[in-house]
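For reference, structure-v2.cif (mmCIF, C-alpha atoms and all ligand atoms):
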```cif
data_model
loop_
_atom_site.label_atom_id
_atom_site.label_comp_id
_atom_site.auth_asym_id
_atom_site.auth_seq_id
_atom_site.Cartn_x
_atom_site.Cartn_y
_atom_site.Cartn_z
CA MET A 1 89.80 79.03 104.43
CA SER A 2 89.98 79.96 108.10
CA SER A 3 91.07 83.52 108.91
CA GLU A 4 92.49 82.35 112.25
CA PRO A 5 96.23 83.14 112.48
CA LYS A 6 98.59 80.18 112.43
CA LEU A 7 99.86 79.42 115.92
CA TRP A 8 103.30 78.07 116.71
CA PRO A 9 103.51 75.78 119.72
CA THR A 10 106.18 76.64 122.28
CA PRO A 11 106.89 75.27 125.76
CA TYR A 12 105.24 78.42 127.15
CA GLY A 13 102.13 78.45 125.02
CA PRO A 14 101.36 79.25 121.39
CA ILE A 15 102.76 82.32 119.62
CA THR A 16 101.57 83.80 116.34
CA GLN A 17 104.96 84.30 114.71
CA ARG A 18 108.21 82.51 115.30
CA LYS A 19 110.97 84.98 114.54
CA ILE A 20 114.30 83.80 113.14
CA PHE A 21 117.74 85.16 112.25
CA ALA A 22 116.33 87.29 109.41
CA ASN A 23 114.26 89.14 112.04
CA LEU A 24 117.31 89.51 114.29
CA LEU A 25 119.15 91.08 111.38
CA LYS A 26 116.31 93.51 110.73
CA ASP A 27 115.34 94.36 114.34
CA ILE A 28 118.73 94.35 116.09
CA ILE A 29 121.84 94.01 113.93
CA ARG A 30 120.99 96.47 111.15
CA THR A 31 119.60 98.98 113.64
CA ASN A 32 122.91 98.96 115.58
CA LYS A 33 121.39 97.47 118.73
CA CYS A 34 123.74 94.49 118.89
CA VAL A 35 125.76 94.38 122.14
CA TYR A 36 127.93 91.55 120.72
CA CYS A 37 127.08 89.12 123.51
CA SER A 38 127.14 86.15 121.10
CA ALA A 39 124.02 84.60 122.67
CA CYS A 40 122.54 84.19 119.16
CA ALA A 41 125.62 82.33 117.90
CA SER A 42 125.78 80.26 121.07
CA VAL A 43 122.21 78.94 121.01
CA CYS A 44 122.11 78.24 117.26
CA PRO A 45 121.83 74.46 116.87
CA THR A 46 123.44 74.43 113.42
CA TYR A 47 126.34 76.78 114.21
CA ALA A 48 125.03 78.94 111.40
CA ILE A 49 125.88 82.24 113.10
CA GLN A 50 129.46 83.44 113.23
CA MET A 51 130.70 86.36 115.27
CA LEU A 52 132.58 88.53 112.80
CA ASP A 53 134.67 91.43 114.05
CA ASP A 54 131.81 93.86 114.45
CA VAL A 55 128.51 91.95 114.26
CA PRO A 56 127.08 88.40 114.02
CA ARG A 57 126.39 87.07 110.52
CA LEU A 58 124.48 84.09 109.16
CA LEU A 59 127.09 82.01 107.33
CA GLY A 60 125.55 78.54 107.62
CA VAL A 61 122.25 76.70 107.26
CA CYS A 62 119.30 78.15 109.18
CA ILE A 63 116.58 75.68 110.19
CA LYS A 64 114.32 78.53 111.35
CA CYS A 65 114.10 77.39 114.96
CA GLY A 66 114.06 80.96 116.30
CA TYR A 67 116.36 80.37 119.27
CA CYS A 68 118.74 83.16 118.20
CA TYR A 69 116.01 85.76 118.06
CA TYR A 70 114.55 85.01 121.47
CA ALA A 71 117.93 84.67 123.21
CA CYS A 72 118.93 88.18 122.12
CA PRO A 73 118.75 90.71 124.97
CA GLY A 74 117.40 93.39 122.62
CA THR A 75 114.33 91.56 121.34
CA VAL A 76 110.79 91.49 122.65
CA GLU A 77 108.23 88.77 122.19
CA GLU A 78 104.57 88.06 122.66
CA GLY A 79 103.90 88.27 126.38
CA PHE A 80 107.42 89.40 127.31
CA GLN A 81 108.76 92.88 126.66
CA GLY A 82 112.30 91.98 127.74
CA PHE A 83 114.34 94.64 129.51
CA GLY A 84 111.99 97.38 128.30
CA ASP A 85 109.78 96.24 131.19
CA TYR A 86 112.48 96.08 133.87
CA LYS A 87 109.95 95.72 136.72
CA ASP A 88 108.73 92.50 135.14
CA VAL A 89 112.32 91.25 134.70
CA ASP A 90 113.26 92.26 138.27
CA THR A 91 110.30 90.30 139.59
CA ARG A 92 111.03 87.25 137.47
CA VAL A 93 114.74 87.20 138.37
CA PHE A 94 114.71 88.33 142.01
CA GLY A 95 111.07 87.94 143.07
CA THR A 96 110.89 91.67 143.87
CA GLU A 97 111.19 95.05 142.15
CA ARG A 98 114.06 97.47 142.60
CA THR A 99 113.92 100.37 145.01
CA GLU A 100 117.15 101.90 143.68
CA ARG A 101 118.05 102.80 140.12
CA PHE A 102 121.04 100.46 140.19
CA GLY A 103 118.71 97.53 140.68
CA VAL A 104 117.67 94.96 143.24
CA TYR A 105 120.39 94.20 145.81
CA ARG A 106 120.88 92.46 149.16
CA LYS A 107 124.17 93.97 150.33
CA ILE A 108 126.69 96.59 149.26
CA TYR A 109 130.31 96.45 150.37
CA VAL A 110 133.51 98.28 149.60
CA VAL A 111 136.46 95.89 149.57
CA GLU A 112 140.19 96.30 149.26
CA ALA A 113 141.50 96.13 145.68
CA ILE A 114 143.48 93.04 144.63
CA GLU A 115 146.66 93.42 142.55
CA ASP A 116 146.58 91.43 139.30
CA GLU A 117 148.58 92.34 136.20
CA ASP A 118 146.06 90.59 133.95
CA ALA A 119 142.91 92.19 135.30
CA PHE A 120 141.56 95.59 136.24
CA PRO A 121 141.13 95.86 140.04
CA GLU A 122 137.39 95.13 139.99
CA GLU A 123 137.96 92.12 137.70
CA ALA A 124 140.63 90.84 140.10
CA VAL A 125 138.07 90.86 142.94
CA LEU A 126 135.61 88.94 140.75
CA LYS A 127 138.32 86.44 139.78
CA ALA A 128 138.95 85.80 143.49
CA ILE A 129 135.22 85.18 144.03
CA LEU A 130 135.01 82.85 141.01
CA LYS A 131 138.07 80.90 142.14
CA PHE A 132 136.72 80.54 145.68
CA GLY A 133 133.30 79.45 144.41
CA MET A 134 134.90 76.74 142.31
CA GLU A 135 137.11 75.55 145.16
CA LYS A 136 134.07 75.25 147.42
CA GLY A 137 132.01 73.37 144.82
CA TYR A 138 129.47 76.06 143.92
CA TRP A 139 130.30 75.58 140.19
CA GLY A 140 132.60 73.47 138.06
CA ALA A 141 133.54 75.87 135.27
CA VAL A 142 133.86 79.57 134.54
CA ALA A 143 132.94 81.01 131.13
CA TYR A 144 134.22 84.43 130.06
CA ALA A 145 135.76 86.31 127.17
CA GLY A 146 139.27 87.57 127.73
CA ARG A 147 142.67 87.11 126.14
CA ASP A 148 143.18 83.39 126.65
CA THR A 149 143.01 80.62 124.07
CA PRO A 150 139.62 80.73 122.35
CA VAL A 151 137.51 77.63 123.03
CA THR A 152 135.57 77.77 119.82
CA GLU A 153 138.44 78.60 117.50
CA GLY A 154 137.01 76.66 114.59
CA LEU A 155 133.74 78.51 114.89
CA LEU A 156 135.12 81.99 114.93
CA SER A 157 135.50 83.45 111.51
CA TYR A 158 137.24 86.50 112.82
CA GLN A 159 140.97 86.34 113.19
CA VAL A 160 142.07 86.20 116.80
CA VAL A 161 144.97 88.59 116.88
CA GLY A 162 146.75 90.75 119.39
CA TRP A 163 144.63 91.99 122.24
CA LYS A 164 141.30 91.01 120.67
CA SER A 165 138.85 89.43 123.12
CA ARG A 166 137.93 85.82 122.64
CA PRO A 167 135.59 83.33 124.36
CA SER A 168 137.26 81.02 126.86
CA TYR A 169 136.60 78.91 129.93
CA ALA A 170 138.41 77.70 133.04
CA LEU A 171 137.89 74.32 134.69
CA LYS A 172 140.26 74.49 137.64
CA PRO A 173 140.66 77.11 140.37
CA SER A 174 144.29 77.59 139.31
CA ASP A 175 143.08 78.34 135.77
CA VAL A 176 140.63 80.91 137.09
CA GLU A 177 143.53 82.62 138.82
CA ARG A 178 145.36 82.81 135.48
CA ILE A 179 142.46 84.26 133.48
CA LYS A 180 143.59 87.20 131.35
CA LEU A 181 140.97 89.93 131.16
CA LYS A 182 141.44 93.67 130.57
CA VAL A 183 139.71 93.49 127.21
CA PHE A 184 138.61 96.60 125.33
CA THR A 185 137.16 95.15 122.11
CA HIS A 186 133.62 93.90 122.65
CA PRO A 187 133.81 90.38 124.10
CA PRO A 188 131.74 87.45 122.75
CA THR A 189 131.03 86.26 126.30
CA ILE A 190 128.32 83.65 125.78
CA LEU A 191 130.36 81.65 123.26
CA GLY A 192 132.61 80.77 126.21
CA LEU A 193 129.61 79.01 127.68
CA ARG A 194 128.85 77.20 124.45
CA GLY A 195 132.51 76.18 124.34
CA ILE A 196 132.23 74.47 127.72
CA VAL A 197 129.10 72.59 126.80
CA ASP A 198 130.29 71.54 123.35
CA GLU A 199 133.85 70.65 124.13
CA LEU A 200 133.25 68.87 127.42
CA LYS A 201 130.02 67.10 126.75
CA GLY A 202 129.74 66.78 123.02
CA GLY A 203 126.88 69.16 122.41
CA PHE A 204 123.80 70.33 124.23
CA PHE A 205 121.42 68.36 122.07
CA GLN A 206 122.63 65.01 123.33
CA GLY A 207 120.78 65.20 126.62
CA VAL A 208 123.94 64.74 128.65
CA GLU A 209 124.56 66.30 132.01
CA VAL A 210 126.50 69.51 131.60
CA PRO A 211 128.69 71.19 134.19
CA GLN A 212 127.42 73.95 136.42
CA VAL A 213 128.88 77.16 135.13
CA ALA A 214 129.64 80.63 136.46
CA VAL A 215 129.73 83.35 133.79
CA LEU A 216 131.86 86.49 134.02
CA GLY A 217 130.96 89.31 131.68
CA PRO A 218 129.86 92.89 131.19
CA PRO A 219 126.39 93.89 132.42
CA GLU A 220 124.61 93.64 129.10
CA HIS A 221 125.89 90.10 128.54
CA ILE A 222 124.57 88.93 131.89
CA ARG A 223 121.26 90.32 130.64
CA SER A 224 121.57 88.02 127.63
CA ILE A 225 121.62 85.00 129.89
CA TRP A 226 118.45 86.15 131.61
CA LYS A 227 116.73 87.14 128.37
CA GLY A 228 117.40 83.70 126.96
CA ARG A 229 116.18 82.00 130.11
CA LEU A 230 113.02 84.06 130.45
CA SER A 231 112.00 83.79 126.80
CA TRP A 232 109.98 80.91 125.39
CA ALA A 233 113.20 79.46 123.98
CA GLY A 234 114.80 79.55 127.42
CA HIS A 235 114.50 75.81 127.86
CA THR A 236 117.77 75.32 125.97
CA LYS A 237 120.20 73.35 128.09
CA LEU A 238 122.92 75.86 127.34
CA LEU A 239 121.50 78.66 129.46
CA ARG A 240 120.33 76.25 132.16
CA THR A 241 123.97 75.39 132.89
CA VAL A 242 124.53 78.84 134.40
CA VAL A 243 124.36 78.80 138.20
CA PHE A 244 126.14 82.07 138.95
CA THR A 245 126.94 85.33 137.18
CA ALA A 246 129.56 87.96 137.94
CA SER A 247 129.78 91.32 136.24
CA TYR A 248 132.12 94.28 136.26
CA PHE A 249 130.52 97.72 136.02
CA HIS A 250 129.81 99.27 132.65
CA ARG A 251 132.70 100.35 130.46
CA LYS A 252 133.12 101.27 126.82
CA PHE A 253 133.92 98.56 124.28
CA PHE A 254 135.22 99.07 120.76
CA GLN A 255 134.57 97.39 117.41
CA PRO A 256 137.89 95.99 116.15
CA THR A 257 137.67 96.85 112.45
CA LYS A 258 136.83 100.47 113.23
CA LEU A 259 139.30 100.74 116.10
CA LEU A 260 142.45 99.51 114.34
CA PRO A 261 142.78 102.36 111.83
CA ILE A 262 142.22 104.96 114.57
CA LEU A 263 144.95 103.41 116.75
CA ALA A 264 147.27 103.29 113.74
CA LYS A 265 147.04 107.09 113.36
CA LYS A 266 149.11 107.42 116.54
CA GLY A 267 151.36 104.50 115.63
CA VAL A 268 149.66 101.96 117.92
CA ASN A 269 149.75 98.47 116.44
CA PHE A 270 147.01 96.30 117.94
CA ASN A 271 149.36 93.30 118.01
CA ASN A 272 152.03 95.07 120.03
CA ILE A 273 149.91 96.38 122.90
CA SER A 274 151.27 95.08 126.21
CA ASP A 275 148.91 96.75 128.70
CA VAL A 276 145.80 98.91 128.84
CA GLU A 277 144.17 101.28 131.33
CA TYR A 278 140.73 102.92 131.23
CA GLY A 279 140.36 106.51 132.48
CA SER A 280 137.05 108.31 133.00
CA ASP A 281 137.11 109.84 129.51
CA SER A 282 140.05 108.15 127.81
CA ILE A 283 141.92 104.88 127.39
CA LYS A 284 145.70 104.34 127.40
CA PHE A 285 147.61 101.61 125.58
CA LYS A 286 151.13 100.54 126.45
CA VAL A 287 153.37 99.82 123.47
CA GLY A 288 157.01 99.04 124.27
CA ASP A 289 157.82 101.30 127.21
CA LYS A 290 155.45 104.10 126.13
CA TRP A 291 151.80 104.75 127.03
CA VAL A 292 149.68 106.27 124.25
CA GLU A 293 146.41 107.90 125.27
CA PHE A 294 143.21 108.22 123.20
CA SER A 295 140.20 110.21 124.32
CA PHE A 296 136.83 108.49 123.93
CA GLU A 297 136.01 111.33 121.55
CA GLU A 298 138.86 110.26 119.24
CA LEU A 299 137.67 106.66 119.41
CA GLU A 300 134.01 107.56 119.05
CA PRO A 301 133.49 106.00 115.58
CA SER A 302 134.58 102.61 116.96
CA ILE A 303 132.53 102.61 120.20
CA ASN A 304 129.80 99.98 120.36
CA LYS A 305 126.87 102.37 120.88
CA ALA A 306 124.42 99.57 121.63
CA ILE A 307 126.38 98.77 124.80
CA GLU A 308 126.16 102.44 125.79
CA GLU A 309 122.46 102.50 125.12
CA ALA A 310 121.65 99.28 127.01
CA GLY A 311 122.02 101.51 130.07
CA ASP A 312 122.98 98.82 132.61
CA MET A 313 125.80 100.49 134.51
CA THR A 314 126.22 98.06 137.40
CA GLY A 315 125.44 94.51 136.26
CA GLU A 316 121.82 94.71 137.39
CA TYR A 317 121.11 91.01 136.88
CA ALA A 318 124.40 89.50 138.04
CA ASP A 319 124.61 87.61 141.34
CA VAL A 320 127.53 89.86 142.17
CA SER A 321 129.06 92.85 140.44
CA ALA A 322 132.12 94.96 141.13
CA GLY A 323 133.38 98.33 140.01
CA ARG A 324 135.30 101.47 140.74
CA VAL A 325 133.27 104.54 141.65
CA GLU A 326 134.74 108.03 141.62
CA GLY A 327 135.37 109.34 145.14
CA VAL A 328 135.20 105.88 146.76
CA ASP A 329 138.45 104.21 147.87
CA GLY A 330 138.35 100.49 147.16
CA ILE A 331 136.14 98.33 144.99
CA VAL A 332 132.37 98.61 145.29
CA LEU A 333 130.73 95.19 145.47
CA ILE A 334 126.99 94.81 144.85
CA VAL A 335 125.64 91.50 146.12
CA ARG A 336 122.23 90.77 144.66
CA THR A 337 121.48 87.14 145.56
CA GLU A 338 121.56 84.87 148.59
CA LYS A 339 124.20 82.63 147.04
CA ALA A 340 126.52 85.58 146.38
CA GLU A 341 125.96 86.83 149.92
CA GLU A 342 126.95 83.45 151.35
CA ILE A 343 130.09 83.24 149.20
CA VAL A 344 131.26 86.79 149.94
CA SER A 345 130.64 86.35 153.64
CA ARG A 346 132.70 83.11 153.67
CA MET A 347 135.50 84.97 151.89
CA PHE A 348 135.42 87.72 154.51
CA ASP A 349 135.61 85.05 157.24
CA GLU A 350 138.61 83.42 155.55
CA GLY A 351 140.35 86.77 154.96
CA LEU A 352 140.24 86.33 151.17
CA LEU A 353 138.35 89.59 150.69
CA LYS A 354 138.92 92.53 152.98
CA PRO A 355 135.87 94.74 153.70
CA LEU A 356 136.58 98.44 154.18
CA ASP A 357 134.61 101.00 156.18
CA PHE A 358 132.39 103.14 153.95
CA ASP A 359 129.39 105.45 153.94
CA GLU A 360 126.61 103.30 152.48
CA SER A 361 124.23 106.14 151.67
CA LEU A 362 127.01 107.99 149.82
CA VAL A 363 127.93 104.89 147.78
CA LYS A 364 124.28 104.22 146.95
CA SER A 365 123.82 107.78 145.77
CA LYS A 366 126.99 107.51 143.63
CA LEU A 367 125.72 104.25 142.13
CA ASN A 368 122.42 105.94 141.26
CA GLU A 369 124.37 108.84 139.74
CA LEU A 370 125.98 106.41 137.27
CA TYR A 371 122.55 106.27 135.67
CA GLY A 372 122.66 110.02 134.99
CA GLY A 373 120.05 112.66 135.69
CA GLY A 374 118.35 113.01 139.07
CA SER A 375 117.81 110.27 141.61
S1 LIG A 401 118.96 77.80 112.96
FE1 LIG A 401 117.72 78.81 114.56
S2 LIG A 401 119.24 79.77 115.89
FE2 LIG A 401 120.31 79.26 113.98
S3 LIG A 401 120.17 81.09 112.71
FE3 LIG A 401 118.41 79.84 112.19
S4 LIG A 401 116.72 80.57 113.53
FE4 LIG A 401 118.65 81.31 114.37
S1 LIG A 402 122.95 91.39 120.96
FE1 LIG A 402 123.80 89.35 121.23
S2 LIG A 402 122.16 87.94 120.69
FE2 LIG A 402 121.58 89.96 119.90
S3 LIG A 402 122.31 89.96 117.79
FE3 LIG A 402 123.95 90.83 119.02
S4 LIG A 402 125.29 89.12 119.54
FE4 LIG A 402 123.35 88.27 118.82
#
```
Could you rewrite the structure in this file as structure tokens?
Ligand code: SF4
Ligand code: SF4
Amino acid sequence: MSSEPKLWPTPYGPITQRKIFANLLKDIIRTNKCVYCSACASVCPTYAIQMLDDVPRLLGVCIKCGYCYYACPGTVEEGFQGFGDYKDVDTRVFGTERTERFGVYRKIYVVEAIEDEDAFPEEAVLKAILKFGMEKGYWGAVAYAGRDTPVTEGLLSYQVVGWKSRPSYALKPSDVERIKLKVFTHPPTILGLRGIVDELKGGFFQGVEVPQVAVLGPPEHIRSIWKGRLSWAGHTKLLRTVVFTASYFHRKFFQPTKLLPILAKKGVNFNNISDVEYGSDSIKFKVGDKWVEFSFEELEPSINKAIEEAGDMTGEYADVSAGRVEGVDGIVLIVRTEKAEEIVSRMFDEGLLKPLDFDESLVKSKLNELYGGGS
């Protein structure tokens, strides 16, 4: 018998081991590295993976294709170390390496905040960009996870209740305007994308043309899109539908089953929350006419630590990202690609975004500070 290892053919050359969901369970889920992006569930051809409240689980038939493993932002593979080798990823995504800790960028702006009762100020700016981009024909759909009707209801084994985040999509500019965000439980962002492809075109295995999609999500979920695309399994049509990504800066997300009992201790019923606000070290929930505040320390057992540890504070691989930075008036906008630069500049021309005067070196140093430690 030959001692040569068995090789698995892939579109990017042979690999010695094709890893599957069992490996994802061992390498990522059981080691608490899951950022709950739902990329694994979204690329699974048999819908075998369900996003339960806290982690993905295999509840269906696995045909051992491996797509889930290689789409996961936390995995590495032969010839590709994923985000552990950020210089490699920078070069593959942007064609150049970063010179700042907050990543490769083309332009930084500070813009006036936009009022929106269903979105935090930075999300409202991103909604305006996503609406404009759709109106001008840059994309035909927006995938996100917020508080709207879930698109993959039948696929979600968790109960969608109260303020829990759920995957959704918008197909018209007026729908983008109505998107409800402000989520605080970890959002299954990429299932919104799968929802578009499945529900509009009958499945990504049928070889049909799928719409061009913009994805809105937290930094580590934009990474999922790139990880899936750059891996050997990245030929899946699902991830190829994405033509634009928008990210809000890092914030803490909570695991629902662990969060609910902590909220209940102060009489907060998840189903009765009517508004939410993040502070720098706490979060406030509005119930009736009262605001109830919880420090992050109190909520610590329910924080998704993998999101903390992913360490992407500014949406390093999004076309555009937005966030609030202490000491800066207005919303900081990081524009990382040519397409985003064109869109933002058109919005400035049309008065749809208002640029503010700011000290660029100060903002850049504050962005680098988000990464902790020295510069
Ligand atoms: S069928 Fe493929 S994508 Fe689905 S769980 Fe199995 S290995 Fe993962
Ligand atoms: S990080 Fe994303 S792709 Fe990886 S296991 Fe968790 S939900 Fe699945």
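With a cut-off of 6 Å and using only C-alpha atoms and all ligand atoms, the polymer residues contacting ligand LIG 402 (chain A) are Ile28, Ile29, Cys34, Val35, Tyr36, Cys37, Ser38, Ala39, Cys40, Pro56, Ala71, Cys72 and Pro73 of chain A.
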Residues within 12 Å of Pro14 (chain A), all atoms listed in the file, excluding chain neighbours under 2 positions, as an mmCIF file with C-alpha atoms, in the frame of the given file:
```
data_model
loop_
_atom_site.group_PDB
_atom_site.id
_atom_site.type_symbol
_atom_site.label_atom_id
_atom_site.label_comp_id
_atom_site.auth_asym_id
_atom_site.auth_seq_id
_atom_site.Cartn_x
_atom_site.Cartn_y
_atom_site.Cartn_z
ATOM 1 C CA PRO A 5 96.230 83.140 112.480
ATOM 2 C CA LYS A 6 98.590 80.180 112.430
ATOM 3 C CA LEU A 7 99.860 79.420 115.920
ATOM 4 C CA TRP A 8 103.300 78.070 116.710
ATOM 5 C CA PRO A 9 103.510 75.780 119.720
ATOM 6 C CA THR A 10 106.180 76.640 122.280
ATOM 7 C CA PRO A 11 106.890 75.270 125.760
ATOM 8 C CA TYR A 12 105.240 78.420 127.150
ATOM 9 C CA THR A 16 101.570 83.800 116.340
ATOM 10 C CA GLN A 17 104.960 84.300 114.710
ATOM 11 C CA ARG A 18 108.210 82.510 115.300
ATOM 12 C CA GLU A 77 108.230 88.770 122.190
ATOM 13 C CA GLU A 78 104.570 88.060 122.660
ATOM 14 C CA GLY A 79 103.900 88.270 126.380
ATOM 15 C CA TRP A 232 109.980 80.910 125.390
#
```
*d(CA of Ser321 (chain A), CA of Leu216 (chain A)) in Å*: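 For CA of Ser321 (chain A) relative to CA of Leu216 (chain A), the distance reads 9.5 Å.
The closest residue to Ser274 (chain A), picked from A:Gly323, A:Gly195, A:Gly140, A:Gly288 and counting all atoms listed in the file, is A:Gly288.
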_Distance in Å - CA of Lys127 (chain A) versus CA of Gly82 (chain A)_ =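 These atoms are spaced 29.2 Å apart.
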Kindly compute an axis-aligned box around the listed atoms of ligand LIG 401 (chain A), allowing 3 Å on each side, and express its centre and edge lengths in Å to one decimal as JSON.
```
{"center_x": 118.5, "center_y": 79.6, "center_z": 114.0, "size_x": 9.6, "size_y": 9.5, "size_z": 9.7}
```
_Show me which residues are within 10 Å of ligand LIG 401 (chain A) counting all atoms listed in the file, and format the list as a count of residues only._
34
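What separates CA of Leu130 (chain A) from CA of Val110 (chain A) is a distance of 17.7 Å.
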